[in-house]
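Chemist: Structure file upload_15.cif (mmCIF, C-alpha atoms) is given on the next line.
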data_final
#
loop_
_atom_site.label_atom_id
_atom_site.label_comp_id
_atom_site.auth_asym_id
_atom_site.auth_seq_id
_atom_site.Cartn_x
_atom_site.Cartn_y
_atom_site.Cartn_z
CA MET A 113 -16.15 -20.85 8.98
CA ILE A 114 -12.64 -19.43 9.36
CA ILE A 115 -12.26 -15.67 9.90
CA LEU A 116 -8.88 -13.96 9.61
CA GLY A 117 -8.56 -10.60 11.36
CA ILE A 118 -5.74 -8.22 10.46
CA ASP A 119 -4.41 -5.16 12.28
CA PRO A 120 -2.21 -3.55 9.61
CA GLY A 121 1.23 -2.18 10.37
CA LEU A 122 4.60 -1.86 8.67
CA ALA A 123 6.93 -2.89 11.53
CA THR A 124 4.36 -5.24 13.07
CA LEU A 125 1.19 -6.54 11.43
CA GLY A 126 -1.11 -8.38 13.82
CA TYR A 127 -3.25 -11.35 12.83
CA GLY A 128 -5.89 -13.43 14.58
CA VAL A 129 -7.66 -16.51 13.26
CA LEU A 130 -11.12 -17.51 14.55
CA GLU A 131 -13.35 -20.45 13.87
CA LYS A 132 -17.11 -19.79 14.00
CA ASN A 133 -19.35 -22.85 14.22
CA ALA A 134 -22.96 -23.30 13.03
CA ARG A 135 -24.26 -22.10 16.42
CA GLY A 136 -22.33 -18.87 16.06
CA GLU A 137 -19.79 -19.82 18.73
CA VAL A 138 -16.26 -18.59 18.10
CA ARG A 139 -12.88 -19.85 19.25
CA ALA A 140 -9.35 -18.65 18.57
CA LEU A 141 -7.29 -20.96 16.38
CA ASP A 142 -4.17 -18.84 16.10
CA TYR A 143 -2.81 -15.35 16.56
CA GLY A 144 0.49 -13.57 16.21
CA VAL A 145 2.40 -10.98 14.21
CA VAL A 146 4.30 -10.56 10.96
CA CYS A 147 7.33 -8.32 11.51
CA THR A 148 9.61 -6.45 9.10
CA PRO A 149 13.11 -5.19 9.97
CA LYS A 150 13.29 -1.45 10.64
CA ASP A 151 16.68 -1.16 8.91
CA GLU A 152 15.37 -2.37 5.55
CA ARG A 153 14.06 -0.01 2.86
CA LEU A 154 10.32 0.40 2.44
CA PRO A 155 9.90 -1.68 -0.77
CA THR A 156 11.83 -4.59 0.75
CA ARG A 157 9.73 -4.40 3.93
CA LEU A 158 6.55 -4.46 1.85
CA ALA A 159 7.77 -7.57 0.02
CA ILE A 160 8.57 -9.27 3.37
CA LEU A 161 5.10 -8.33 4.59
CA GLU A 162 3.44 -9.81 1.50
CA GLU A 163 5.40 -13.03 1.93
CA GLY A 164 4.32 -13.29 5.58
CA ILE A 165 0.65 -12.66 4.72
CA CYS A 166 0.79 -15.26 1.92
CA ARG A 167 2.17 -17.85 4.34
CA LEU A 168 -0.58 -16.95 6.80
CA LEU A 169 -3.29 -17.31 4.12
CA ASP A 170 -1.84 -20.69 3.10
CA LYS A 171 -1.91 -21.82 6.72
CA CYS A 172 -5.39 -20.69 7.77
CA ASN A 173 -7.21 -20.60 4.42
CA PRO A 174 -9.85 -18.10 5.61
CA ASP A 175 -13.44 -17.91 4.35
CA GLU A 176 -13.60 -14.25 5.29
CA VAL A 177 -11.03 -11.58 6.11
CA ALA A 178 -11.59 -8.51 8.32
CA VAL A 179 -9.08 -5.66 8.20
CA GLU A 180 -8.98 -2.71 10.58
CA GLU A 181 -9.31 0.69 8.94
CA LEU A 182 -6.64 3.28 9.45
CA PHE A 183 -7.36 5.71 12.23
CA PHE A 184 -5.48 8.89 11.69
CA SER A 185 -4.68 10.64 14.87
CA LYS A 186 -1.27 11.73 15.98
CA ASN A 187 1.60 10.96 13.67
CA VAL A 188 1.16 11.59 9.94
CA THR A 189 4.51 9.97 9.08
CA THR A 190 3.61 6.76 10.90
CA GLY A 191 0.17 6.86 9.30
CA ILE A 192 1.70 7.02 5.83
CA ALA A 193 3.92 4.00 6.55
CA VAL A 194 0.92 2.05 7.88
CA ALA A 195 -1.11 3.02 4.80
CA HIS A 196 1.62 1.59 2.52
CA ALA A 197 1.52 -1.65 4.54
CA ARG A 198 -2.28 -1.66 4.61
CA GLY A 199 -2.39 -1.33 0.82
CA VAL A 200 -0.18 -4.43 0.55
CA ALA A 201 -2.31 -6.32 3.11
CA LEU A 202 -5.59 -5.49 1.34
CA LEU A 203 -4.15 -6.44 -2.05
CA THR A 204 -2.66 -9.72 -0.84
CA CYS A 205 -5.85 -10.74 0.97
CA VAL A 206 -8.36 -9.74 -1.73
CA LYS A 207 -6.41 -11.76 -4.32
CA ARG A 208 -6.89 -14.87 -2.19
CA CYS A 209 -10.22 -14.23 -0.48
CA GLY A 210 -12.91 -12.14 -2.15
CA ARG A 211 -14.89 -11.84 1.10
CA LEU A 212 -12.91 -8.97 2.56
CA PHE A 213 -14.40 -6.55 5.09
CA GLU A 214 -13.14 -3.35 6.69
CA TYR A 215 -13.98 -1.97 10.13
CA THR A 216 -13.10 1.30 11.80
CA PRO A 217 -11.66 1.26 15.34
CA MET A 218 -14.96 2.76 16.51
CA GLN A 219 -17.01 -0.04 14.92
CA ILE A 220 -14.78 -2.63 16.60
CA LYS A 221 -15.15 -0.97 20.00
CA GLN A 222 -18.91 -0.64 19.52
CA ALA A 223 -19.29 -4.32 18.50
CA LEU A 224 -17.25 -5.65 21.43
CA THR A 225 -18.29 -3.37 24.28
CA GLY A 226 -21.36 -1.50 23.04
CA TYR A 227 -19.38 1.73 23.42
CA GLY A 228 -17.50 3.24 20.46
CA LYS A 229 -14.99 5.08 22.62
CA ALA A 230 -13.96 2.24 24.91
CA GLU A 231 -10.35 2.11 26.09
CA LYS A 232 -7.85 -0.13 24.28
CA LYS A 233 -7.21 -2.10 27.49
CA GLN A 234 -10.93 -2.78 27.91
CA ILE A 235 -11.20 -4.08 24.32
CA GLN A 236 -8.31 -6.45 24.97
CA LEU A 237 -9.90 -7.80 28.18
CA VAL A 238 -13.27 -8.29 26.44
CA THR A 239 -11.51 -10.06 23.55
CA ALA A 240 -9.73 -12.42 25.97
CA ASN A 241 -13.00 -13.11 27.84
CA LEU A 242 -15.09 -13.73 24.73
CA LEU A 243 -12.49 -16.17 23.42
CA HIS A 244 -11.97 -17.84 26.84
CA LEU A 245 -8.26 -17.07 26.74
CA LYS A 246 -6.26 -17.26 29.95
CA GLY A 247 -4.81 -13.80 29.51
CA VAL A 248 -4.74 -10.84 27.15
CA PRO A 249 -3.06 -11.96 23.88
CA ARG A 250 0.39 -10.51 23.29
CA PRO A 251 1.59 -8.44 21.56
CA ASP A 252 -1.07 -5.73 21.32
CA ASP A 253 -1.20 -6.04 17.51
CA ALA A 254 -2.28 -9.70 17.78
CA ALA A 255 -4.95 -8.77 20.36
CA ASP A 256 -6.20 -5.99 18.06
CA ALA A 257 -6.36 -8.44 15.14
CA LEU A 258 -8.44 -10.89 17.20
CA ALA A 259 -10.73 -7.97 18.12
CA VAL A 260 -11.37 -7.07 14.45
CA ALA A 261 -12.04 -10.75 13.65
CA LEU A 262 -14.47 -10.94 16.61
CA CYS A 263 -16.13 -7.70 15.49
CA HIS A 264 -16.65 -9.23 12.06
CA SER A 265 -18.05 -12.45 13.52
CA TYR A 266 -20.69 -10.36 15.37
CA THR A 267 -21.48 -8.05 12.49
CA SER A 268 -23.11 -8.72 9.18
CA ARG A 269 -21.91 -6.25 6.60
CA LEU A 270 -22.88 -7.35 3.10
CA SER A 271 -21.62 -4.04 1.80
CA GLY A 272 -18.12 -5.29 2.48
CA LEU A 273 -18.28 -8.07 -0.09
CA TYR A 274 -15.74 -7.66 -2.84
CA THR A 275 -15.21 -9.40 -6.09
CA ILE A 276 -12.17 -8.79 -8.22
CA MET B 37 18.93 0.96 -20.41
CA ILE B 38 15.19 1.24 -19.81
CA ILE B 39 13.97 3.43 -16.94
CA LEU B 40 10.36 3.30 -15.74
CA GLY B 41 9.14 6.35 -13.80
CA ILE B 42 6.02 6.15 -11.65
CA ASP B 43 3.89 8.90 -10.14
CA PRO B 44 1.74 6.94 -7.67
CA GLY B 45 -1.99 7.54 -7.29
CA LEU B 46 -5.13 5.54 -6.55
CA ALA B 47 -7.51 7.01 -9.15
CA THR B 48 -4.70 7.73 -11.64
CA LEU B 49 -1.17 6.35 -11.54
CA GLY B 50 1.16 7.98 -14.06
CA TYR B 51 3.97 6.15 -15.84
CA GLY B 52 6.76 7.18 -18.16
CA VAL B 53 9.28 4.95 -19.93
CA LEU B 54 12.69 6.28 -21.01
CA GLU B 55 15.55 4.76 -22.92
CA LYS B 56 19.04 5.93 -21.97
CA ASN B 57 21.84 5.13 -24.40
CA ALA B 58 25.56 4.64 -23.76
CA ARG B 59 26.19 8.38 -24.32
CA GLY B 60 23.67 9.22 -21.60
CA GLU B 61 21.09 10.52 -24.07
CA VAL B 62 17.50 9.85 -23.13
CA ARG B 63 14.33 9.53 -25.18
CA ALA B 64 10.73 8.80 -24.23
CA LEU B 65 9.47 5.39 -25.35
CA ASP B 66 6.04 5.53 -23.78
CA TYR B 67 3.94 7.33 -21.19
CA GLY B 68 0.40 7.21 -19.88
CA VAL B 69 -1.75 6.35 -16.89
CA VAL B 70 -3.30 3.38 -15.10
CA CYS B 71 -6.78 4.31 -13.82
CA THR B 72 -9.08 2.67 -11.27
CA PRO B 73 -12.86 3.30 -11.07
CA LYS B 74 -13.88 5.63 -8.24
CA ASP B 75 -17.03 3.60 -7.50
CA GLU B 76 -15.10 0.43 -6.67
CA ARG B 77 -14.00 -0.47 -3.13
CA LEU B 78 -10.40 0.14 -2.13
CA PRO B 79 -9.18 -3.52 -2.21
CA THR B 80 -10.64 -4.02 -5.70
CA ARG B 81 -9.01 -0.79 -6.91
CA LEU B 82 -5.66 -1.92 -5.52
CA ALA B 83 -6.00 -5.23 -7.39
CA ILE B 84 -6.83 -3.36 -10.63
CA LEU B 85 -3.79 -1.14 -10.04
CA GLU B 86 -1.50 -4.15 -9.53
CA GLU B 87 -2.80 -5.73 -12.74
CA GLY B 88 -2.11 -2.53 -14.68
CA ILE B 89 1.41 -2.20 -13.27
CA CYS B 90 2.15 -5.86 -14.07
CA ARG B 91 1.05 -5.31 -17.69
CA LEU B 92 3.24 -2.21 -17.83
CA LEU B 93 6.27 -4.12 -16.46
CA ASP B 94 5.68 -6.91 -19.00
CA LYS B 95 5.54 -4.35 -21.79
CA CYS B 96 8.57 -2.20 -20.94
CA ASN B 97 10.74 -4.65 -18.95
CA PRO B 98 12.65 -1.89 -17.12
CA ASP B 99 16.23 -2.14 -15.89
CA GLU B 100 15.52 0.46 -13.21
CA VAL B 101 12.36 1.91 -11.68
CA ALA B 102 12.02 5.39 -10.11
CA VAL B 103 9.01 6.13 -7.91
CA GLU B 104 8.02 9.56 -6.62
CA GLU B 105 7.84 9.87 -2.85
CA LEU B 106 4.65 11.01 -1.24
CA PHE B 107 4.52 14.70 -0.50
CA PHE B 108 2.08 15.37 2.26
CA SER B 109 0.59 18.77 2.04
CA LYS B 110 -3.09 19.53 1.99
CA ASN B 111 -5.45 16.60 2.15
CA VAL B 112 -4.72 13.81 4.66
CA THR B 113 -7.55 11.61 3.31
CA THR B 114 -6.21 11.79 -0.25
CA GLY B 115 -2.70 11.19 1.08
CA ILE B 116 -3.82 8.00 2.82
CA ALA B 117 -5.41 6.70 -0.41
CA VAL B 118 -2.27 7.52 -2.38
CA ALA B 119 -0.12 5.78 0.26
CA HIS B 120 -2.21 2.58 -0.11
CA ALA B 121 -1.70 2.77 -3.89
CA ARG B 122 1.99 3.61 -3.49
CA GLY B 123 2.48 0.55 -1.27
CA VAL B 124 1.01 -1.62 -4.02
CA ALA B 125 3.16 0.09 -6.69
CA LEU B 126 6.40 -0.34 -4.70
CA LEU B 127 5.59 -3.99 -3.95
CA THR B 128 4.68 -4.84 -7.53
CA CYS B 129 7.78 -3.12 -8.94
CA VAL B 130 10.32 -4.43 -6.42
CA LYS B 131 9.15 -8.01 -7.05
CA ARG B 132 10.00 -7.58 -10.73
CA CYS B 133 12.90 -5.15 -10.67
CA GLY B 134 15.29 -5.03 -7.71
CA ARG B 135 16.77 -1.71 -8.89
CA LEU B 136 14.09 0.52 -7.42
CA PHE B 137 14.71 4.14 -6.46
CA GLU B 138 12.64 6.80 -4.69
CA TYR B 139 12.78 10.56 -5.17
CA THR B 140 11.04 13.39 -3.34
CA PRO B 141 9.24 16.09 -5.36
CA MET B 142 11.99 18.49 -4.27
CA GLN B 143 14.75 16.20 -5.60
CA ILE B 144 12.92 15.93 -8.92
CA LYS B 145 12.56 19.69 -9.21
CA GLN B 146 16.19 20.21 -8.23
CA ALA B 147 17.43 17.66 -10.80
CA LEU B 148 15.38 19.10 -13.66
CA THR B 149 15.58 22.85 -13.06
CA GLY B 150 18.31 23.32 -10.45
CA TYR B 151 15.68 24.80 -8.15
CA GLY B 152 13.90 22.61 -5.57
CA LYS B 153 10.83 24.82 -5.39
CA ALA B 154 10.15 25.17 -9.12
CA GLU B 155 6.52 25.38 -10.27
CA LYS B 156 4.77 22.26 -11.55
CA LYS B 157 4.19 23.89 -14.94
CA GLN B 158 7.89 24.70 -15.29
CA ILE B 159 8.85 21.08 -14.53
CA GLN B 160 6.46 19.89 -17.22
CA LEU B 161 7.89 22.30 -19.82
CA VAL B 162 11.47 21.28 -18.95
CA THR B 163 10.47 17.61 -19.20
CA ALA B 164 8.95 18.18 -22.65
CA ASN B 165 12.04 20.11 -23.80
CA LEU B 166 14.58 17.59 -22.51
CA LEU B 167 12.70 14.77 -24.22
CA HIS B 168 12.15 16.77 -27.44
CA LEU B 169 8.38 16.30 -27.19
CA LYS B 170 6.12 18.54 -29.22
CA GLY B 171 4.05 19.53 -26.21
CA VAL B 172 3.64 18.91 -22.50
CA PRO B 173 2.63 15.24 -22.00
CA ARG B 174 -0.95 14.72 -20.85
CA PRO B 175 -2.36 13.99 -18.35
CA ASP B 176 -0.30 15.64 -15.61
CA ASP B 177 0.34 12.26 -13.92
CA ALA B 178 2.11 10.97 -17.05
CA ALA B 179 4.21 14.15 -17.26
CA ASP B 180 5.13 13.79 -13.56
CA ALA B 181 6.13 10.16 -14.14
CA LEU B 182 8.41 11.16 -17.04
CA ALA B 183 9.91 13.82 -14.75
CA VAL B 184 10.80 11.28 -12.02
CA ALA B 185 12.30 8.95 -14.67
CA LEU B 186 14.35 11.88 -16.05
CA CYS B 187 15.43 12.84 -12.52
CA HIS B 188 16.65 9.27 -12.04
CA SER B 189 18.51 9.25 -15.35
CA TYR B 190 20.41 12.38 -14.19
CA THR B 191 21.03 11.20 -10.65
CA SER B 192 23.16 8.40 -9.34
CA ARG B 193 21.78 7.11 -6.07
CA LEU B 194 23.37 3.82 -5.14
CA SER B 195 21.60 4.04 -1.80
CA GLY B 196 18.37 3.29 -3.60
CA LEU B 197 19.44 -0.19 -4.66
CA TYR B 198 17.18 -2.86 -3.25
CA THR B 199 17.41 -6.59 -3.17
CA ILE B 200 14.58 -8.75 -1.92
#
Represent the supplied structure as structure tokens.
Modeler:
Amino acid sequence: MIILGIDPGLATLGYGVLEKNARGEVRALDYGVVCTPKDERLPTRLAILEEGICRLLDKCNPDEVAVEELFFSKNVTTGIAVAHARGVALLTCVKRCGRLFEYTPMQIKQALTGYGKAEKKQIQLVTANLLHLKGVPRPDDAADALAVALCHSYTSRLSGLYTI
Amino acid sequence: MIILGIDPGLATLGYGVLEKNARGEVRALDYGVVCTPKDERLPTRLAILEEGICRLLDKCNPDEVAVEELFFSKNVTTGIAVAHARGVALLTCVKRCGRLFEYTPMQIKQALTGYGKAEKKQIQLVTANLLHLKGVPRPDDAADALAVALCHSYTSRLSGLYTI
């Protein structure tokens, strides 16, 4: 089974692709980021983002997709931009893969470390260890996307099943 | 020239279609709303929204599209939902019509009444008057969408021209 994890963002959207075998073992197949130029207008950036996600879906053809939920903390303006991008990511993924799941940052931390308030750095180290990677994946957005994919591979959430 | 105005929303997205003739006179061709069921999950609602907007674009085939910008005031949770929907609306429109423009609520109020802090009710009455409608268009989202289309028809903003 192929799981695609997505950490939504407007400037940088992280992705991580895992393969889970019949014994429940997971390995990383791919990870990286889709970027949009900061000097372009919002609608153009959203179209670039959609194009990048479509290419990614073509390439990895996931059975299930896990998308990180938006955690609203500091900057409302940044949050709004991310929400625009997240809307595009959810739409693009659900059109291609009905098995779409969402996880909060706290659920991801809980699934990977057993502690919902773990530090970001700790999550990245656990992700690298669990996937037998030589170092922490770069950039952070790609590491975060692998973490949400890992969280999904450890969690069974039937409530997240969508049909459109 | 056909102008499509959009007031973005997740539960209810308002639209208004205007025709502007060579003398600059405008008349309303159509207005209404695209709704998504509150009991559906977010990705499904975004897909329903996209489908509705596509049907609308097929029907009115606009030369230019004007979309209201998000005004963040009271409810952050509602704002996040609207931003997801707005991302989908911008994406869907810019893919079909490169001439896409954005206006803040204050710009719309300024264009229609000459006063950037006019009351919502006043904007709706002015919209109805300018378009020679018998009453204020219902629901509010449709009236707001006609207002942003009217604002665009009165305003020349070359900076809003997108190409993707």
Chemist: B:Lys157, B:Arg59, B:Lys145, B:Lys131: which is nearest Leu93 in chain B, counting all atoms listed in the file?
Modeler: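 So, comparing all the options, the nearest one is B:Lys131.
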Chemist: Taking the file above as input, evaluate the PyMOL selection byres ((chain B) within 9 of (chain A)) and report the hits as a compact mmCIF listing (two decimals) with C-alpha atoms, in the frame of the given file.
Modeler:
# COMPACT_ATOMS: atom_id res chain seq x y z
CA GLU B 76 -15.10 0.43 -6.67
CA ARG B 77 -14.00 -0.47 -3.13
CA LEU B 78 -10.40 0.14 -2.13
CA PRO B 79 -9.18 -3.52 -2.21
CA THR B 80 -10.64 -4.02 -5.70
CA ARG B 81 -9.01 -0.79 -6.91
CA LEU B 82 -5.66 -1.92 -5.52
CA ALA B 83 -6.00 -5.23 -7.39
CA ILE B 84 -6.83 -3.36 -10.63
CA GLU B 86 -1.50 -4.15 -9.53
CA LEU B 106 4.65 11.01 -1.24
CA PHE B 108 2.08 15.37 2.26
CA VAL B 112 -4.72 13.81 4.66
CA GLY B 115 -2.70 11.19 1.08
CA ILE B 116 -3.82 8.00 2.82
CA ALA B 117 -5.41 6.70 -0.41
CA VAL B 118 -2.27 7.52 -2.38
CA ALA B 119 -0.12 5.78 0.26
CA HIS B 120 -2.21 2.58 -0.11
CA ALA B 121 -1.70 2.77 -3.89
CA ARG B 122 1.99 3.61 -3.49
CA GLY B 123 2.48 0.55 -1.27
CA VAL B 124 1.01 -1.62 -4.02
CA LEU B 126 6.40 -0.34 -4.70
CA LEU B 127 5.59 -3.99 -3.95
CA THR B 128 4.68 -4.84 -7.53
CA CYS B 129 7.78 -3.12 -8.94
CA VAL B 130 10.32 -4.43 -6.42
CA LYS B 131 9.15 -8.01 -7.05
CA LEU B 136 14.09 0.52 -7.42
CA GLY B 196 18.37 3.29 -3.60
CA TYR B 198 17.18 -2.86 -3.25
CA THR B 199 17.41 -6.59 -3.17
CA ILE B 200 14.58 -8.75 -1.92
Chemist: Least-squares superpose chain B onto chain A - every C-alpha atom, paired in order - and show me the moved coordinates as a short mmCIF file (atom, residue, chain, number, x, y, z; two decimals) with C-alpha atoms, in the coordinates of the input.
Modeler:
data_model
loop_
_atom_site.label_atom_id
_atom_site.label_comp_id
_atom_site.auth_asym_id
_atom_site.auth_seq_id
_atom_site.Cartn_x
_atom_site.Cartn_y
_atom_site.Cartn_z
CA MET B 37 -16.16 -20.84 8.98
CA ILE B 38 -12.66 -19.42 9.35
CA ILE B 39 -12.26 -15.67 9.90
CA LEU B 40 -8.87 -13.97 9.60
CA GLY B 41 -8.55 -10.60 11.36
CA ILE B 42 -5.73 -8.22 10.46
CA ASP B 43 -4.41 -5.17 12.29
CA PRO B 44 -2.21 -3.56 9.61
CA GLY B 45 1.24 -2.18 10.37
CA LEU B 46 4.61 -1.86 8.66
CA ALA B 47 6.93 -2.88 11.52
CA THR B 48 4.35 -5.23 13.07
CA LEU B 49 1.20 -6.54 11.42
CA GLY B 50 -1.10 -8.39 13.82
CA TYR B 51 -3.24 -11.36 12.84
CA GLY B 52 -5.89 -13.42 14.57
CA VAL B 53 -7.66 -16.52 13.27
CA LEU B 54 -11.12 -17.51 14.55
CA GLU B 55 -13.36 -20.46 13.89
CA LYS B 56 -17.10 -19.81 13.99
CA ASN B 57 -19.37 -22.84 14.22
CA ALA B 58 -22.96 -23.30 13.04
CA ARG B 59 -24.27 -22.11 16.44
CA GLY B 60 -22.32 -18.87 16.06
CA GLU B 61 -19.79 -19.82 18.73
CA VAL B 62 -16.27 -18.59 18.11
CA ARG B 63 -12.88 -19.84 19.25
CA ALA B 64 -9.35 -18.64 18.57
CA LEU B 65 -7.29 -20.97 16.38
CA ASP B 66 -4.18 -18.86 16.11
CA TYR B 67 -2.82 -15.35 16.57
CA GLY B 68 0.49 -13.56 16.22
CA VAL B 69 2.40 -10.98 14.22
CA VAL B 70 4.30 -10.56 10.96
CA CYS B 71 7.34 -8.31 11.51
CA THR B 72 9.60 -6.45 9.08
CA PRO B 73 13.12 -5.19 9.96
CA LYS B 74 13.29 -1.45 10.63
CA ASP B 75 16.68 -1.14 8.89
CA GLU B 76 15.36 -2.36 5.54
CA ARG B 77 14.06 0.00 2.84
CA LEU B 78 10.31 0.40 2.43
CA PRO B 79 9.89 -1.68 -0.80
CA THR B 80 11.83 -4.59 0.73
CA ARG B 81 9.73 -4.41 3.90
CA LEU B 82 6.54 -4.46 1.84
CA ALA B 83 7.77 -7.57 0.01
CA ILE B 84 8.58 -9.26 3.35
CA LEU B 85 5.10 -8.32 4.58
CA GLU B 86 3.44 -9.81 1.49
CA GLU B 87 5.41 -13.03 1.93
CA GLY B 88 4.31 -13.29 5.56
CA ILE B 89 0.66 -12.66 4.71
CA CYS B 90 0.79 -15.25 1.91
CA ARG B 91 2.17 -17.84 4.35
CA LEU B 92 -0.58 -16.93 6.81
CA LEU B 93 -3.29 -17.30 4.13
CA ASP B 94 -1.84 -20.69 3.11
CA LYS B 95 -1.90 -21.80 6.73
CA CYS B 96 -5.38 -20.67 7.77
CA ASN B 97 -7.22 -20.60 4.42
CA PRO B 98 -9.87 -18.11 5.61
CA ASP B 99 -13.44 -17.92 4.35
CA GLU B 100 -13.60 -14.24 5.28
CA VAL B 101 -11.02 -11.59 6.11
CA ALA B 102 -11.59 -8.51 8.32
CA VAL B 103 -9.08 -5.66 8.19
CA GLU B 104 -8.98 -2.70 10.57
CA GLU B 105 -9.32 0.70 8.94
CA LEU B 106 -6.65 3.27 9.47
CA PHE B 107 -7.37 5.71 12.25
CA PHE B 108 -5.46 8.88 11.70
CA SER B 109 -4.69 10.64 14.89
CA LYS B 110 -1.27 11.72 16.00
CA ASN B 111 1.61 10.94 13.70
CA VAL B 112 1.17 11.58 9.95
CA THR B 113 4.54 9.96 9.10
CA THR B 114 3.62 6.74 10.91
CA GLY B 115 0.18 6.86 9.30
CA ILE B 116 1.72 7.04 5.83
CA ALA B 117 3.91 3.99 6.56
CA VAL B 118 0.93 2.06 7.89
CA ALA B 119 -1.12 3.03 4.81
CA HIS B 120 1.62 1.60 2.51
CA ALA B 121 1.53 -1.63 4.54
CA ARG B 122 -2.27 -1.65 4.62
CA GLY B 123 -2.38 -1.33 0.82
CA VAL B 124 -0.18 -4.41 0.54
CA ALA B 125 -2.30 -6.31 3.11
CA LEU B 126 -5.60 -5.49 1.35
CA LEU B 127 -4.15 -6.44 -2.05
CA THR B 128 -2.66 -9.71 -0.85
CA CYS B 129 -5.86 -10.72 0.97
CA VAL B 130 -8.36 -9.73 -1.73
CA LYS B 131 -6.41 -11.75 -4.32
CA ARG B 132 -6.88 -14.85 -2.18
CA CYS B 133 -10.21 -14.23 -0.48
CA GLY B 134 -12.91 -12.15 -2.17
CA ARG B 135 -14.89 -11.86 1.09
CA LEU B 136 -12.92 -8.98 2.56
CA PHE B 137 -14.38 -6.55 5.08
CA GLU B 138 -13.13 -3.34 6.69
CA TYR B 139 -13.98 -1.97 10.12
CA THR B 140 -13.09 1.31 11.81
CA PRO B 141 -11.66 1.26 15.35
CA MET B 142 -14.95 2.77 16.52
CA GLN B 143 -17.00 -0.03 14.92
CA ILE B 144 -14.77 -2.62 16.60
CA LYS B 145 -15.16 -0.98 19.99
CA GLN B 146 -18.91 -0.65 19.51
CA ALA B 147 -19.29 -4.32 18.50
CA LEU B 148 -17.25 -5.64 21.42
CA THR B 149 -18.29 -3.37 24.29
CA GLY B 150 -21.35 -1.48 23.04
CA TYR B 151 -19.37 1.73 23.44
CA GLY B 152 -17.50 3.25 20.47
CA LYS B 153 -14.99 5.10 22.62
CA ALA B 154 -13.96 2.23 24.90
CA GLU B 155 -10.34 2.10 26.09
CA LYS B 156 -7.85 -0.13 24.29
CA LYS B 157 -7.21 -2.12 27.48
CA GLN B 158 -10.93 -2.79 27.91
CA ILE B 159 -11.21 -4.08 24.32
CA GLN B 160 -8.32 -6.45 24.96
CA LEU B 161 -9.90 -7.81 28.17
CA VAL B 162 -13.27 -8.29 26.43
CA THR B 163 -11.51 -10.06 23.55
CA ALA B 164 -9.74 -12.42 25.97
CA ASN B 165 -13.00 -13.11 27.84
CA LEU B 166 -15.10 -13.74 24.73
CA LEU B 167 -12.49 -16.17 23.42
CA HIS B 168 -11.99 -17.84 26.83
CA LEU B 169 -8.26 -17.07 26.75
CA LYS B 170 -6.28 -17.26 29.96
CA GLY B 171 -4.83 -13.79 29.52
CA VAL B 172 -4.75 -10.84 27.15
CA PRO B 173 -3.08 -11.97 23.88
CA ARG B 174 0.37 -10.50 23.28
CA PRO B 175 1.59 -8.43 21.55
CA ASP B 176 -1.07 -5.73 21.31
CA ASP B 177 -1.20 -6.04 17.50
CA ALA B 178 -2.28 -9.69 17.78
CA ALA B 179 -4.95 -8.78 20.35
CA ASP B 180 -6.21 -5.99 18.05
CA ALA B 181 -6.37 -8.43 15.14
CA LEU B 182 -8.44 -10.90 17.20
CA ALA B 183 -10.72 -7.98 18.12
CA VAL B 184 -11.39 -7.05 14.46
CA ALA B 185 -12.05 -10.74 13.65
CA LEU B 186 -14.48 -10.93 16.60
CA CYS B 187 -16.15 -7.69 15.50
CA HIS B 188 -16.65 -9.25 12.07
CA SER B 189 -18.06 -12.46 13.52
CA TYR B 190 -20.69 -10.36 15.37
CA THR B 191 -21.47 -8.04 12.49
CA SER B 192 -23.12 -8.71 9.18
CA ARG B 193 -21.91 -6.25 6.58
CA LEU B 194 -22.88 -7.37 3.11
CA SER B 195 -21.61 -4.05 1.81
CA GLY B 196 -18.10 -5.28 2.47
CA LEU B 197 -18.30 -8.08 -0.09
CA TYR B 198 -15.72 -7.69 -2.81
CA THR B 199 -15.19 -9.46 -6.06
CA ILE B 200 -12.14 -8.85 -8.21
#
Chemist: Distance cut-off 12 Å, centre (-6.5, -21.1, 2.9) in file coordinates, counting all atoms listed in the file: which residues qualify? Return them as an MDAnalysis selection string.
Modeler: chainID A and resid 113:116 129 165:177 205 207:209
Chemist: Could you write those residues out with C-alpha atoms, as a PDB file, keeping the file's coordinate frame?
Modeler:
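Result written to selection_30.pdb:
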ATOM      1  CA  MET A 113     -16.150 -20.850   8.980  1.00  0.00           C
ATOM      2  CA  ILE A 114     -12.640 -19.430   9.360  1.00  0.00           C
ATOM      3  CA  ILE A 115     -12.260 -15.670   9.900  1.00  0.00           C
ATOM      4  CA  LEU A 116      -8.880 -13.960   9.610  1.00  0.00           C
ATOM      5  CA  VAL A 129      -7.660 -16.510  13.260  1.00  0.00           C
ATOM      6  CA  ILE A 165       0.650 -12.660   4.720  1.00  0.00           C
ATOM      7  CA  CYS A 166       0.790 -15.260   1.920  1.00  0.00           C
ATOM      8  CA  ARG A 167       2.170 -17.850   4.340  1.00  0.00           C
ATOM      9  CA  LEU A 168      -0.580 -16.950   6.800  1.00  0.00           C
ATOM     10  CA  LEU A 169      -3.290 -17.310   4.120  1.00  0.00           C
ATOM     11  CA  ASP A 170      -1.840 -20.690   3.100  1.00  0.00           C
ATOM     12  CA  LYS A 171      -1.910 -21.820   6.720  1.00  0.00           C
ATOM     13  CA  CYS A 172      -5.390 -20.690   7.770  1.00  0.00           C
ATOM     14  CA  ASN A 173      -7.210 -20.600   4.420  1.00  0.00           C
ATOM     15  CA  PRO A 174      -9.850 -18.100   5.610  1.00  0.00           C
ATOM     16  CA  ASP A 175     -13.440 -17.910   4.350  1.00  0.00           C
ATOM     17  CA  GLU A 176     -13.600 -14.250   5.290  1.00  0.00           C
ATOM     18  CA  VAL A 177     -11.030 -11.580   6.110  1.00  0.00           C
ATOM     19  CA  CYS A 205      -5.850 -10.740   0.970  1.00  0.00           C
ATOM     20  CA  LYS A 207      -6.410 -11.760  -4.320  1.00  0.00           C
ATOM     21  CA  ARG A 208      -6.890 -14.870  -2.190  1.00  0.00           C
ATOM     22  CA  CYS A 209     -10.220 -14.230  -0.480  1.00  0.00           C
TER      23      CYS A 209
END
